[in-house]
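One file, final31.txt, carrying compact mmCIF, C-alpha atoms:
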```txt
# COMPACT_ATOMS: atom_id res chain seq x y z
CA MET A 1 -11.83 -31.32 -18.88
CA LYS A 2 -10.59 -28.18 -17.11
CA LYS A 3 -12.93 -25.21 -17.25
CA LYS A 4 -11.35 -22.30 -19.08
CA ASP A 5 -10.00 -19.74 -16.64
CA THR A 6 -10.91 -16.44 -18.29
CA PHE A 7 -10.38 -13.14 -16.54
CA LYS A 8 -13.49 -10.95 -16.55
CA LEU A 9 -12.51 -7.37 -15.96
CA ALA A 10 -15.05 -4.55 -16.29
CA ASN A 11 -16.63 -5.14 -19.73
CA LEU A 12 -13.73 -7.25 -20.98
CA LYS A 13 -12.72 -10.87 -21.07
CA LEU A 14 -8.96 -11.14 -20.89
CA LYS A 15 -6.80 -14.16 -21.64
CA SER A 16 -3.93 -13.00 -19.47
CA ARG A 17 -4.04 -12.00 -15.81
CA LEU A 18 -0.95 -9.89 -16.33
CA ILE A 19 -1.48 -6.23 -17.20
CA VAL A 20 1.63 -4.29 -18.14
CA GLY A 21 2.61 -0.66 -18.18
CA THR A 22 4.15 1.10 -21.17
CA GLY A 23 6.37 3.58 -19.33
CA LYS A 24 10.06 3.69 -18.38
CA TYR A 25 11.35 1.63 -21.33
CA ARG A 26 14.49 2.68 -23.18
CA ASN A 27 12.43 3.18 -26.32
CA PHE A 28 9.10 2.24 -27.92
CA LEU A 29 10.57 -0.74 -29.77
CA GLU A 30 11.73 -2.30 -26.51
CA ALA A 31 8.32 -1.57 -24.95
CA SER A 32 6.47 -3.24 -27.82
CA LYS A 33 8.71 -6.31 -27.73
CA ALA A 34 8.34 -6.68 -23.95
CA ILE A 35 4.56 -6.29 -24.14
CA LYS A 36 4.37 -8.98 -26.81
CA GLU A 37 6.54 -11.34 -24.78
CA SER A 38 4.46 -10.75 -21.62
CA GLY A 39 1.34 -12.12 -23.32
CA ALA A 40 -0.71 -9.29 -21.75
CA ASP A 41 -3.86 -8.21 -23.52
CA MET A 42 -4.15 -4.94 -21.61
CA VAL A 43 -1.63 -2.11 -21.22
CA THR A 44 -1.75 1.08 -19.19
CA VAL A 45 -1.09 4.38 -20.92
CA ALA A 46 -0.76 7.97 -19.71
CA VAL A 47 -2.29 11.15 -21.12
CA ARG A 48 0.08 14.03 -21.83
CA ARG A 49 0.53 17.05 -24.08
CA VAL A 50 1.66 16.25 -27.63
CA ASN A 51 5.08 17.52 -28.60
CA ILE A 52 4.23 20.51 -30.77
CA LEU A 53 7.82 21.35 -31.67
CA ASP A 54 9.01 17.93 -32.86
CA LYS A 55 6.58 16.67 -35.46
CA LYS A 56 8.58 13.59 -36.37
CA LYS A 57 8.89 12.19 -32.85
CA PRO A 58 7.48 8.62 -32.77
CA THR A 59 4.38 8.03 -30.68
CA LEU A 60 3.23 5.09 -28.58
CA MET A 61 0.45 4.20 -31.02
CA ASP A 62 3.03 3.70 -33.78
CA TYR A 63 4.42 0.78 -31.77
CA VAL A 64 1.56 -0.48 -29.60
CA ASP A 65 -1.60 -0.73 -31.68
CA PRO A 66 -4.78 0.02 -29.67
CA LYS A 67 -6.73 -2.12 -32.15
CA LYS A 68 -4.71 -5.17 -31.14
CA ILE A 69 -4.37 -4.64 -27.39
CA ASN A 70 -6.65 -2.99 -24.82
CA TYR A 71 -5.45 0.45 -23.78
CA LEU A 72 -6.15 1.31 -20.16
CA PRO A 73 -5.75 5.09 -19.80
CA ASN A 74 -4.52 6.12 -16.36
CA THR A 75 -4.29 9.29 -14.33
CA ALA A 76 -0.68 8.88 -13.23
CA GLY A 77 0.72 12.13 -11.92
CA CYS A 78 -2.63 13.53 -10.76
CA PHE A 79 -2.72 14.82 -7.19
CA ASN A 80 -6.34 15.87 -6.97
CA SER A 81 -9.76 14.79 -8.17
CA GLU A 82 -10.13 17.66 -10.64
CA ASP A 83 -6.97 16.76 -12.59
CA ALA A 84 -7.82 13.06 -12.58
CA LEU A 85 -11.33 13.66 -13.94
CA ARG A 86 -10.00 16.07 -16.57
CA THR A 87 -7.45 13.47 -17.72
CA LEU A 88 -9.94 10.64 -18.06
CA ARG A 89 -12.56 12.77 -19.80
CA LEU A 90 -9.88 13.68 -22.36
CA ALA A 91 -8.98 9.98 -22.72
CA ARG A 92 -12.63 9.19 -23.44
CA GLU A 93 -12.79 12.00 -25.99
CA MET A 94 -9.67 10.68 -27.70
CA GLY A 95 -11.45 7.60 -28.92
CA GLY A 96 -14.10 6.33 -26.58
CA TRP A 97 -11.97 4.87 -23.81
CA LYS A 98 -14.37 4.28 -20.94
CA THR A 99 -12.55 1.53 -19.07
CA VAL A 100 -9.90 3.46 -17.18
CA LYS A 101 -7.47 3.33 -14.30
CA LEU A 102 -7.84 5.97 -11.65
CA GLU A 103 -5.03 7.00 -9.38
CA VAL A 104 -5.06 10.13 -7.27
CA LEU A 105 -1.79 10.56 -5.45
CA ALA A 106 -1.27 12.22 -2.10
CA ASN A 107 2.46 12.41 -1.63
CA LYS A 108 5.28 12.91 -4.13
CA ARG A 109 7.85 11.00 -2.10
CA ASN A 110 6.07 7.70 -1.60
CA LEU A 111 3.28 8.10 -4.21
CA PHE A 112 0.67 6.78 -1.79
CA PRO A 113 -2.90 7.40 -2.92
CA ASP A 114 -5.18 10.06 -1.49
CA MET A 115 -8.11 7.81 -0.67
CA ILE A 116 -10.58 10.62 0.07
CA GLU A 117 -10.01 12.17 -3.36
CA THR A 118 -9.89 8.71 -4.94
CA ILE A 119 -13.28 7.66 -3.59
CA LYS A 120 -14.79 11.02 -4.56
CA SER A 121 -13.43 10.73 -8.11
CA THR A 122 -14.58 7.12 -8.50
CA LYS A 123 -18.11 8.12 -7.63
CA VAL A 124 -18.17 10.91 -10.26
CA LEU A 125 -16.64 8.71 -12.96
CA VAL A 126 -19.08 5.85 -12.34
CA GLU A 127 -21.97 8.32 -12.62
CA GLU A 128 -20.52 9.50 -15.96
CA GLY A 129 -20.53 5.92 -17.29
CA PHE A 130 -16.85 5.07 -16.86
CA ARG A 131 -15.73 1.61 -15.76
CA VAL A 132 -13.10 2.45 -13.18
CA LEU A 133 -10.19 0.32 -12.03
CA VAL A 134 -8.88 2.02 -8.93
CA TYR A 135 -5.38 2.25 -7.47
CA CYS A 136 -5.69 2.27 -3.69
CA SER A 137 -3.98 1.71 -0.38
CA ASP A 138 -3.90 -1.81 1.06
CA ASP A 139 -6.55 -0.81 3.61
CA PRO A 140 -9.51 -3.24 3.46
CA ILE A 141 -11.95 -0.58 4.72
CA GLN A 142 -11.06 1.90 1.96
CA ALA A 143 -11.09 -0.89 -0.63
CA LYS A 144 -14.63 -1.82 0.39
CA LYS A 145 -15.70 1.82 0.14
CA LEU A 146 -14.42 1.89 -3.44
CA GLU A 147 -16.46 -1.18 -4.28
CA ASP A 148 -19.51 0.43 -2.70
CA VAL A 149 -19.25 3.50 -4.95
CA GLY A 150 -19.03 1.29 -8.04
CA ALA A 151 -15.37 0.57 -8.79
CA SER A 152 -14.98 -2.17 -11.43
CA ALA A 153 -11.76 -3.42 -9.83
CA ILE A 154 -9.77 -2.76 -6.68
CA MET A 155 -6.05 -2.21 -7.26
CA PRO A 156 -4.17 -2.12 -3.98
CA LEU A 157 -0.48 -1.34 -3.86
CA ALA A 158 1.92 -4.07 -2.77
CA SER A 159 4.41 -1.34 -1.78
CA PRO A 160 5.15 2.16 -3.16
CA ILE A 161 4.94 2.64 -6.95
CA GLY A 162 8.26 1.85 -8.63
CA SER A 163 9.88 0.67 -5.37
CA GLY A 164 10.20 -3.02 -6.26
CA LEU A 165 9.74 -3.92 -2.59
CA GLY A 166 7.14 -6.62 -3.26
CA ILE A 167 4.08 -7.38 -1.13
CA GLN A 168 4.56 -5.79 2.28
CA ASN A 169 1.22 -6.69 3.82
CA LYS A 170 -0.04 -10.09 2.72
CA ILE A 171 -2.65 -10.17 5.48
CA ASN A 172 -4.32 -6.95 4.30
CA ILE A 173 -4.25 -8.08 0.67
CA SER A 174 -5.86 -11.39 1.69
CA ILE A 175 -8.60 -9.57 3.63
CA ILE A 176 -9.27 -7.28 0.64
CA ILE A 177 -9.57 -10.33 -1.64
CA LYS A 178 -11.91 -12.08 0.80
CA ASN A 179 -14.16 -8.99 1.15
CA SER A 180 -14.29 -8.09 -2.52
CA LYS A 181 -16.88 -9.07 -5.12
CA VAL A 182 -15.00 -7.26 -7.90
CA PRO A 183 -11.56 -8.27 -9.20
CA VAL A 184 -8.54 -7.43 -7.05
CA ILE A 185 -5.39 -6.54 -8.97
CA ILE A 186 -2.06 -5.78 -7.33
CA ASP A 187 -1.01 -2.50 -8.85
CA ALA A 188 2.29 -1.26 -7.55
CA GLY A 189 5.55 -2.27 -5.91
CA ILE A 190 6.15 -5.68 -7.49
CA GLY A 191 9.91 -6.15 -7.91
CA THR A 192 10.42 -9.54 -9.48
CA ALA A 193 8.57 -12.58 -10.78
CA SER A 194 8.20 -14.34 -7.42
CA ASP A 195 6.32 -11.31 -6.03
CA ALA A 196 3.74 -11.73 -8.79
CA THR A 197 3.45 -15.44 -8.06
CA ILE A 198 2.82 -14.69 -4.37
CA ALA A 199 0.12 -12.17 -5.31
CA MET A 200 -1.63 -14.75 -7.49
CA GLU A 201 -1.25 -17.48 -4.85
CA LEU A 202 -2.96 -15.20 -2.34
CA GLY A 203 -5.94 -15.17 -4.73
CA CYS A 204 -5.49 -11.87 -6.57
CA ASP A 205 -7.31 -11.82 -9.90
CA GLY A 206 -4.41 -10.16 -11.66
CA VAL A 207 -1.26 -8.07 -11.35
CA LEU A 208 -0.14 -4.88 -13.03
CA ILE A 209 3.57 -4.56 -13.69
CA ASN A 210 5.58 -1.74 -15.16
CA SER A 211 8.90 -0.89 -13.49
CA ALA A 212 9.82 -4.50 -12.66
CA ILE A 213 9.81 -5.31 -16.38
CA ALA A 214 10.95 -1.99 -17.87
CA LYS A 215 13.81 -1.53 -15.39
CA ALA A 216 15.12 -5.11 -15.60
CA LYS A 217 18.49 -5.56 -17.31
CA ASN A 218 16.70 -7.56 -19.97
CA PRO A 219 13.09 -6.33 -20.05
CA ILE A 220 12.00 -8.74 -22.77
CA LEU A 221 13.18 -11.79 -20.85
CA MET A 222 11.70 -10.38 -17.64
CA ALA A 223 8.36 -9.91 -19.42
CA ARG A 224 8.32 -13.61 -20.25
CA SER A 225 9.30 -14.44 -16.68
CA PHE A 226 6.30 -12.46 -15.38
CA LYS A 227 4.00 -14.20 -17.84
CA ASN A 228 5.08 -17.56 -16.42
CA ALA A 229 5.03 -16.31 -12.81
CA VAL A 230 1.42 -15.15 -13.07
CA ILE A 231 0.29 -18.40 -14.70
CA SER A 232 2.18 -20.38 -12.09
CA GLY A 233 0.74 -18.45 -9.15
CA ARG A 234 -2.79 -18.65 -10.53
CA GLU A 235 -2.53 -22.42 -11.04
CA ALA A 236 -1.15 -22.88 -7.53
CA PHE A 237 -4.09 -20.88 -6.17
CA LEU A 238 -6.61 -22.95 -8.15
CA ALA A 239 -4.87 -26.19 -7.19
CA GLY A 240 -5.10 -25.31 -3.49
CA ARG A 241 -1.87 -25.50 -1.54
CA MET A 242 -1.12 -28.13 1.14
CA LYS A 243 -1.58 -27.27 4.79
CA LYS A 244 1.40 -25.85 6.63
CA ASN A 245 2.78 -28.07 9.40
CA PHE A 246 5.19 -27.09 12.12
CA LEU A 247 6.72 -30.56 12.31
CA GLY A 248 8.33 -32.80 9.72
CA ASN A 249 6.16 -35.33 7.91
CA PRO A 250 8.07 -37.94 5.84
CA SER A 251 7.27 -38.23 2.17
CA SER A 252 8.15 -41.95 2.05
CA PRO A 253 5.99 -44.53 3.87
CA LEU A 254 7.42 -45.93 7.07
CA ALA A 255 5.85 -49.38 6.53
CA GLY A 256 8.34 -51.92 5.17
CA LEU A 257 11.31 -49.96 6.45
CA ILE A 258 14.33 -52.29 6.70
CA MET B 1 -2.71 37.76 -36.78
CA ALA B 2 -3.92 36.30 -33.50
CA LYS B 3 -1.97 35.12 -30.53
CA ILE B 4 -2.84 31.77 -28.99
CA GLN B 5 -1.35 29.58 -26.31
CA LEU B 6 -0.82 26.04 -27.52
CA ASN B 7 0.31 23.45 -24.98
CA GLY B 8 1.73 26.19 -22.80
CA ARG B 9 3.63 27.96 -25.61
CA ASN B 10 2.76 31.20 -27.36
CA PHE B 11 2.05 30.95 -31.08
CA LYS B 12 1.04 33.48 -33.68
CA ILE B 13 -1.57 32.26 -36.12
CA VAL B 14 -3.28 33.66 -39.17
CA GLN B 15 -6.85 34.85 -38.70
CA LYS B 16 -9.66 32.40 -39.44
CA LEU B 17 -7.74 29.25 -38.65
CA THR B 18 -9.89 26.31 -37.61
CA ILE B 19 -8.89 23.65 -35.11
CA LYS B 20 -8.81 21.15 -37.96
CA GLN B 21 -6.40 23.36 -39.87
CA LEU B 22 -4.27 23.80 -36.75
CA LEU B 23 -3.99 20.02 -36.46
CA SER B 24 -2.98 19.54 -40.07
CA LYS B 25 -0.44 22.38 -39.72
CA HIS B 26 1.17 20.40 -36.90
CA LYS B 27 0.73 17.08 -38.73
CA LEU B 28 -1.46 15.62 -35.97
CA ASN B 29 -3.94 12.82 -36.60
CA GLU B 30 -7.26 13.77 -35.03
CA ASN B 31 -8.04 10.14 -34.20
CA ARG B 32 -5.06 10.06 -31.87
CA ILE B 33 -5.57 13.24 -29.89
CA ALA B 34 -8.08 15.12 -27.75
CA ILE B 35 -8.42 18.87 -27.42
CA GLU B 36 -9.27 21.23 -24.63
CA LEU B 37 -10.15 24.76 -25.69
CA ASN B 38 -10.10 27.34 -22.89
CA GLY B 39 -10.53 24.65 -20.27
CA SER B 40 -13.38 22.70 -21.90
CA ILE B 41 -13.15 19.57 -24.01
CA LEU B 42 -13.85 20.28 -27.66
CA PRO B 43 -15.66 17.34 -29.33
CA LYS B 44 -14.05 16.11 -32.55
CA SER B 45 -17.26 16.92 -34.44
CA LYS B 46 -16.57 20.62 -33.82
CA PHE B 47 -12.96 20.69 -35.07
CA LYS B 48 -13.96 21.76 -38.56
CA LYS B 49 -16.18 24.64 -37.59
CA THR B 50 -14.32 26.04 -34.59
CA PHE B 51 -12.19 29.07 -35.40
CA LEU B 52 -9.36 30.09 -33.12
CA LYS B 53 -9.64 33.53 -31.52
CA ASN B 54 -7.05 35.85 -30.03
CA LYS B 55 -5.89 34.69 -26.57
CA ASP B 56 -7.37 31.20 -26.94
CA LYS B 57 -5.73 28.53 -24.81
CA VAL B 58 -5.45 25.18 -26.56
CA GLU B 59 -4.30 21.90 -25.04
CA ILE B 60 -3.69 18.95 -27.36
CA VAL B 61 -3.07 15.65 -25.60
CA HIS B 62 -2.34 12.09 -26.65
CA PHE B 63 -1.41 8.78 -25.07
CA ILE B 64 2.17 8.17 -24.03
CA GLY B 65 3.89 5.34 -22.22
CA GLY B 66 2.89 5.09 -18.57
CA GLY B 67 2.30 2.69 -15.72
```
Go through the file and emit its structure as structure tokens.
Amino acid sequence: MKKKDTFKLANLKLKSRLIVGTGKYRNFLEASKAIKESGADMVTVAVRRVNILDKKKPTLMDYVDPKKINYLPNTAGCFNSEDALRTLRLAREMGGWKTVKLEVLANKRNLFPDMIETIKSTKVLVEEGFRVLVYCSDDPIQAKKLEDVGASAIMPLASPIGSGLGIQNKINISIIIKNSKVPVIIDAGIGTASDATIAMELGCDGVLINSAIAKAKNPILMARSFKNAVISGREAFLAGRMKKNFLGNPSSPLAGLI
Amino acid sequence: MAKIQLNGRNFKIVQKLTIKQLLSKHKLNENRIAIELNGSILPKSKFKKTFLKNKDKVEIVHFIGGG
């Protein structure tokens, strides 16, 4: 009997290796339907000011119930350590969220992370008792430094956030996976289902998708496609792929050939 | 009357208004928000007994969709 393949992430045991974002959808109803179809049991959420002027405006929690799915508060839009720490401390105060996603950005054009500020922030958050999943560059040295300061998961980008360019540096991602004792989750840049499959085949523990689902023509169908892609890639990884050959090798036996 | 800044906007409030009263005035559920008062996080346990003062800066945040 096959051993159950559960995904241990920080203090959680997840059924799905697909984590999805809740941003960029046309509306909350579409977001909630896509999340359901994706089978994800964790979603990222952002922290922002409440709309004081429009009291009747619907909120995310009306559509995506934090009692039914794990919220992963993030620091999207933060460009320094101070803002990122402030955001996550507020998230914790909101209702005890201690498993969080840290991202400290360096550049508004490509949204690459500022790794110096990121490592500094991770250290502070770990000391404060947070379990920190960290968005990072695909640099194996920086990824290892994050693990050393106590990151609960390493989340390298595949390509710039929201670009849909897929995995640009498979070699680096493979080295990060090989070096890492904590889960490695591809965080940004996935464009379509096959990109997620490739990430999982490389041995990633999970993938985080937002734009590729939310910006698809049919986000709900794309959510299902990603669910299947992640399962497929994971199973291919566990199954162990055949060796690559540079020459042809017939699939039918030559013996008995007429 | 006191003047406060709430989420970056100026508001006039009646004297002796607590944070809890401010939330109910804006129909906000305290389980879904967090508050920063003059740059420091205000624990939920203090909402009832904290009165707003003139020139206070209040930030009320919640979760929204994000990646």
Interface, chain B side, toward chain A (9 Å; all atoms listed in the file) as a list of chain:residue names:
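Only these qualify: B:Leu6, B:Asn7, B:His26, B:Lys27, B:Leu28, B:Glu30, B:Asn31, B:Arg32, B:Ile33, B:Ala34, B:Ile35, B:Glu36, B:Ile41, B:Leu42, B:Pro43, B:Lys44, B:Glu59, B:Ile60, B:Val61, B:His62, B:Phe63, B:Ile64, B:Gly65, B:Gly66, B:Gly67.
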What would the list of residues within 9 Å of (-1.3, -18.0, -22.9) (file frame) look like as an MDAnalysis selection string, if only C-alpha atoms are what count?
chainID A and resid 15:16 39:40 227 231
Can you pull out the residues contacting range 170-185 of chain A? Cut-off 7 Å, using all atoms listed in the file, and skip same-chain residues under 3 positions away; I want them as a PyMOL selection string.
chain A and resi 9+138-140+143-144+152-156+167+202-208
Those same residues - C-alpha atoms - I'd like them written as an mmCIF file, in the frame of the given file.
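Saved result, again.cif, follows:
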```
data_model
loop_
_atom_site.group_PDB
_atom_site.id
_atom_site.type_symbol
_atom_site.label_atom_id
_atom_site.label_comp_id
_atom_site.auth_asym_id
_atom_site.auth_seq_id
_atom_site.Cartn_x
_atom_site.Cartn_y
_atom_site.Cartn_z
ATOM 1 C CA LEU A 9 -12.510 -7.370 -15.960
ATOM 2 C CA ASP A 138 -3.900 -1.810 1.060
ATOM 3 C CA ASP A 139 -6.550 -0.810 3.610
ATOM 4 C CA PRO A 140 -9.510 -3.240 3.460
ATOM 5 C CA ALA A 143 -11.090 -0.890 -0.630
ATOM 6 C CA LYS A 144 -14.630 -1.820 0.390
ATOM 7 C CA SER A 152 -14.980 -2.170 -11.430
ATOM 8 C CA ALA A 153 -11.760 -3.420 -9.830
ATOM 9 C CA ILE A 154 -9.770 -2.760 -6.680
ATOM 10 C CA MET A 155 -6.050 -2.210 -7.260
ATOM 11 C CA PRO A 156 -4.170 -2.120 -3.980
ATOM 12 C CA ILE A 167 4.080 -7.380 -1.130
ATOM 13 C CA LEU A 202 -2.960 -15.200 -2.340
ATOM 14 C CA GLY A 203 -5.940 -15.170 -4.730
ATOM 15 C CA CYS A 204 -5.490 -11.870 -6.570
ATOM 16 C CA ASP A 205 -7.310 -11.820 -9.900
ATOM 17 C CA GLY A 206 -4.410 -10.160 -11.660
ATOM 18 C CA VAL A 207 -1.260 -8.070 -11.350
ATOM 19 C CA LEU A 208 -0.140 -4.880 -13.030
#
```
Distance of CA of Leu165 in chain A from CA of Gly191 in chain A, expressed in Å to one decimal place
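Rounded to one decimal, the two atoms are 5.8 Å apart.
One finds CA of Met42 in chain A at 21.1 Å from CA of Pro58 in chain A.
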Name the residues in contact with Lys3 in chain B at a cut-off of 10 Å, using only C-alpha atoms, excluding same-chain residues fewer than 6 positions from it; report them as a count of residues only.
12
List as a PyMOL selection string the residues having at least one atom at most 9 Å from position (-8.5, 9.6, -12.3) as given in the file, counting only C-alpha atoms.
chain A and resi 74-76+78+80-88+100-104+118+121-122+125+132+134
Shortest interatomic distance to Leu37 in chain B - which of B:Lys25, B:Val58, B:Thr50, B:Thr18, counting all atoms listed in the file:
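Using all atoms listed in the file, the shortest distance to Leu37 in chain B belongs to B:Val58.
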Writing N, CA and C atoms and nothing else, produce range 29-47 of chain B as a PDB file, in the first residue's frame.
```pdb
ATOM      1  N   ASN B  29     -16.129  44.570  12.445  1.00  0.00           N
ATOM      2  CA  ASN B  29     -16.078  43.436  13.365  1.00  0.00           C
ATOM      3  C   ASN B  29     -14.660  43.329  13.911  1.00  0.00           C
ATOM      4  N   GLU B  30     -14.538  43.427  15.241  1.00  0.00           N
ATOM      5  CA  GLU B  30     -13.182  43.482  15.814  1.00  0.00           C
ATOM      6  C   GLU B  30     -12.387  42.188  15.627  1.00  0.00           C
ATOM      7  N   ASN B  31     -13.083  41.097  15.335  1.00  0.00           N
ATOM      8  CA  ASN B  31     -12.367  39.838  15.090  1.00  0.00           C
ATOM      9  C   ASN B  31     -11.696  39.820  13.722  1.00  0.00           C
ATOM     10  N   ARG B  32     -12.067  40.754  12.871  1.00  0.00           N
ATOM     11  CA  ARG B  32     -11.542  40.750  11.510  1.00  0.00           C
ATOM     12  C   ARG B  32     -10.546  41.868  11.223  1.00  0.00           C
ATOM     13  N   ILE B  33     -10.199  42.612  12.254  1.00  0.00           N
ATOM     14  CA  ILE B  33      -9.307  43.758  12.010  1.00  0.00           C
ATOM     15  C   ILE B  33      -8.173  43.799  13.045  1.00  0.00           C
ATOM     16  N   ALA B  34      -7.200  44.652  12.780  1.00  0.00           N
ATOM     17  CA  ALA B  34      -6.171  44.964  13.775  1.00  0.00           C
ATOM     18  C   ALA B  34      -5.972  46.472  13.743  1.00  0.00           C
ATOM     19  N   ILE B  35      -5.560  47.012  14.880  1.00  0.00           N
ATOM     20  CA  ILE B  35      -5.442  48.466  14.990  1.00  0.00           C
ATOM     21  C   ILE B  35      -4.057  48.899  15.437  1.00  0.00           C
ATOM     22  N   GLU B  36      -3.622  49.967  14.782  1.00  0.00           N
ATOM     23  CA  GLU B  36      -2.395  50.633  15.193  1.00  0.00           C
ATOM     24  C   GLU B  36      -2.799  52.023  15.664  1.00  0.00           C
ATOM     25  N   LEU B  37      -2.395  52.372  16.876  1.00  0.00           N
ATOM     26  CA  LEU B  37      -2.713  53.698  17.408  1.00  0.00           C
ATOM     27  C   LEU B  37      -1.399  54.454  17.584  1.00  0.00           C
ATOM     28  N   ASN B  38      -1.253  55.537  16.870  1.00  0.00           N
ATOM     29  CA  ASN B  38      -0.023  56.345  16.892  1.00  0.00           C
ATOM     30  C   ASN B  38       1.231  55.495  16.700  1.00  0.00           C
ATOM     31  N   GLY B  39       1.147  54.577  15.761  1.00  0.00           N
ATOM     32  CA  GLY B  39       2.330  53.793  15.376  1.00  0.00           C
ATOM     33  C   GLY B  39       2.555  52.513  16.159  1.00  0.00           C
ATOM     34  N   SER B  40       1.756  52.270  17.213  1.00  0.00           N
ATOM     35  CA  SER B  40       1.924  51.019  17.969  1.00  0.00           C
ATOM     36  C   SER B  40       0.667  50.169  17.880  1.00  0.00           C
ATOM     37  N   ILE B  41       0.858  48.870  17.835  1.00  0.00           N
ATOM     38  CA  ILE B  41      -0.304  47.974  17.784  1.00  0.00           C
ATOM     39  C   ILE B  41      -1.082  48.067  19.088  1.00  0.00           C
ATOM     40  N   LEU B  42      -2.390  48.184  18.962  1.00  0.00           N
ATOM     41  CA  LEU B  42      -3.249  48.232  20.152  1.00  0.00           C
ATOM     42  C   LEU B  42      -3.910  46.861  20.318  1.00  0.00           C
ATOM     43  N   PRO B  43      -3.588  46.135  21.395  1.00  0.00           N
ATOM     44  CA  PRO B  43      -4.198  44.812  21.589  1.00  0.00           C
ATOM     45  C   PRO B  43      -5.720  44.921  21.708  1.00  0.00           C
ATOM     46  N   LYS B  44      -6.403  43.895  21.221  1.00  0.00           N
ATOM     47  CA  LYS B  44      -7.878  43.908  21.235  1.00  0.00           C
ATOM     48  C   LYS B  44      -8.435  44.081  22.650  1.00  0.00           C
ATOM     49  N   SER B  45      -7.693  43.565  23.634  1.00  0.00           N
ATOM     50  CA  SER B  45      -8.154  43.651  25.022  1.00  0.00           C
ATOM     51  C   SER B  45      -8.253  45.107  25.498  1.00  0.00           C
ATOM     52  N   LYS B  46      -7.590  46.008  24.790  1.00  0.00           N
ATOM     53  CA  LYS B  46      -7.616  47.419  25.221  1.00  0.00           C
ATOM     54  C   LYS B  46      -8.623  48.287  24.450  1.00  0.00           C
ATOM     55  N   PHE B  47      -9.349  47.675  23.512  1.00  0.00           N
ATOM     56  CA  PHE B  47     -10.278  48.463  22.676  1.00  0.00           C
ATOM     57  C   PHE B  47     -11.349  49.181  23.519  1.00  0.00           C
TER      58      PHE B  47
END
```
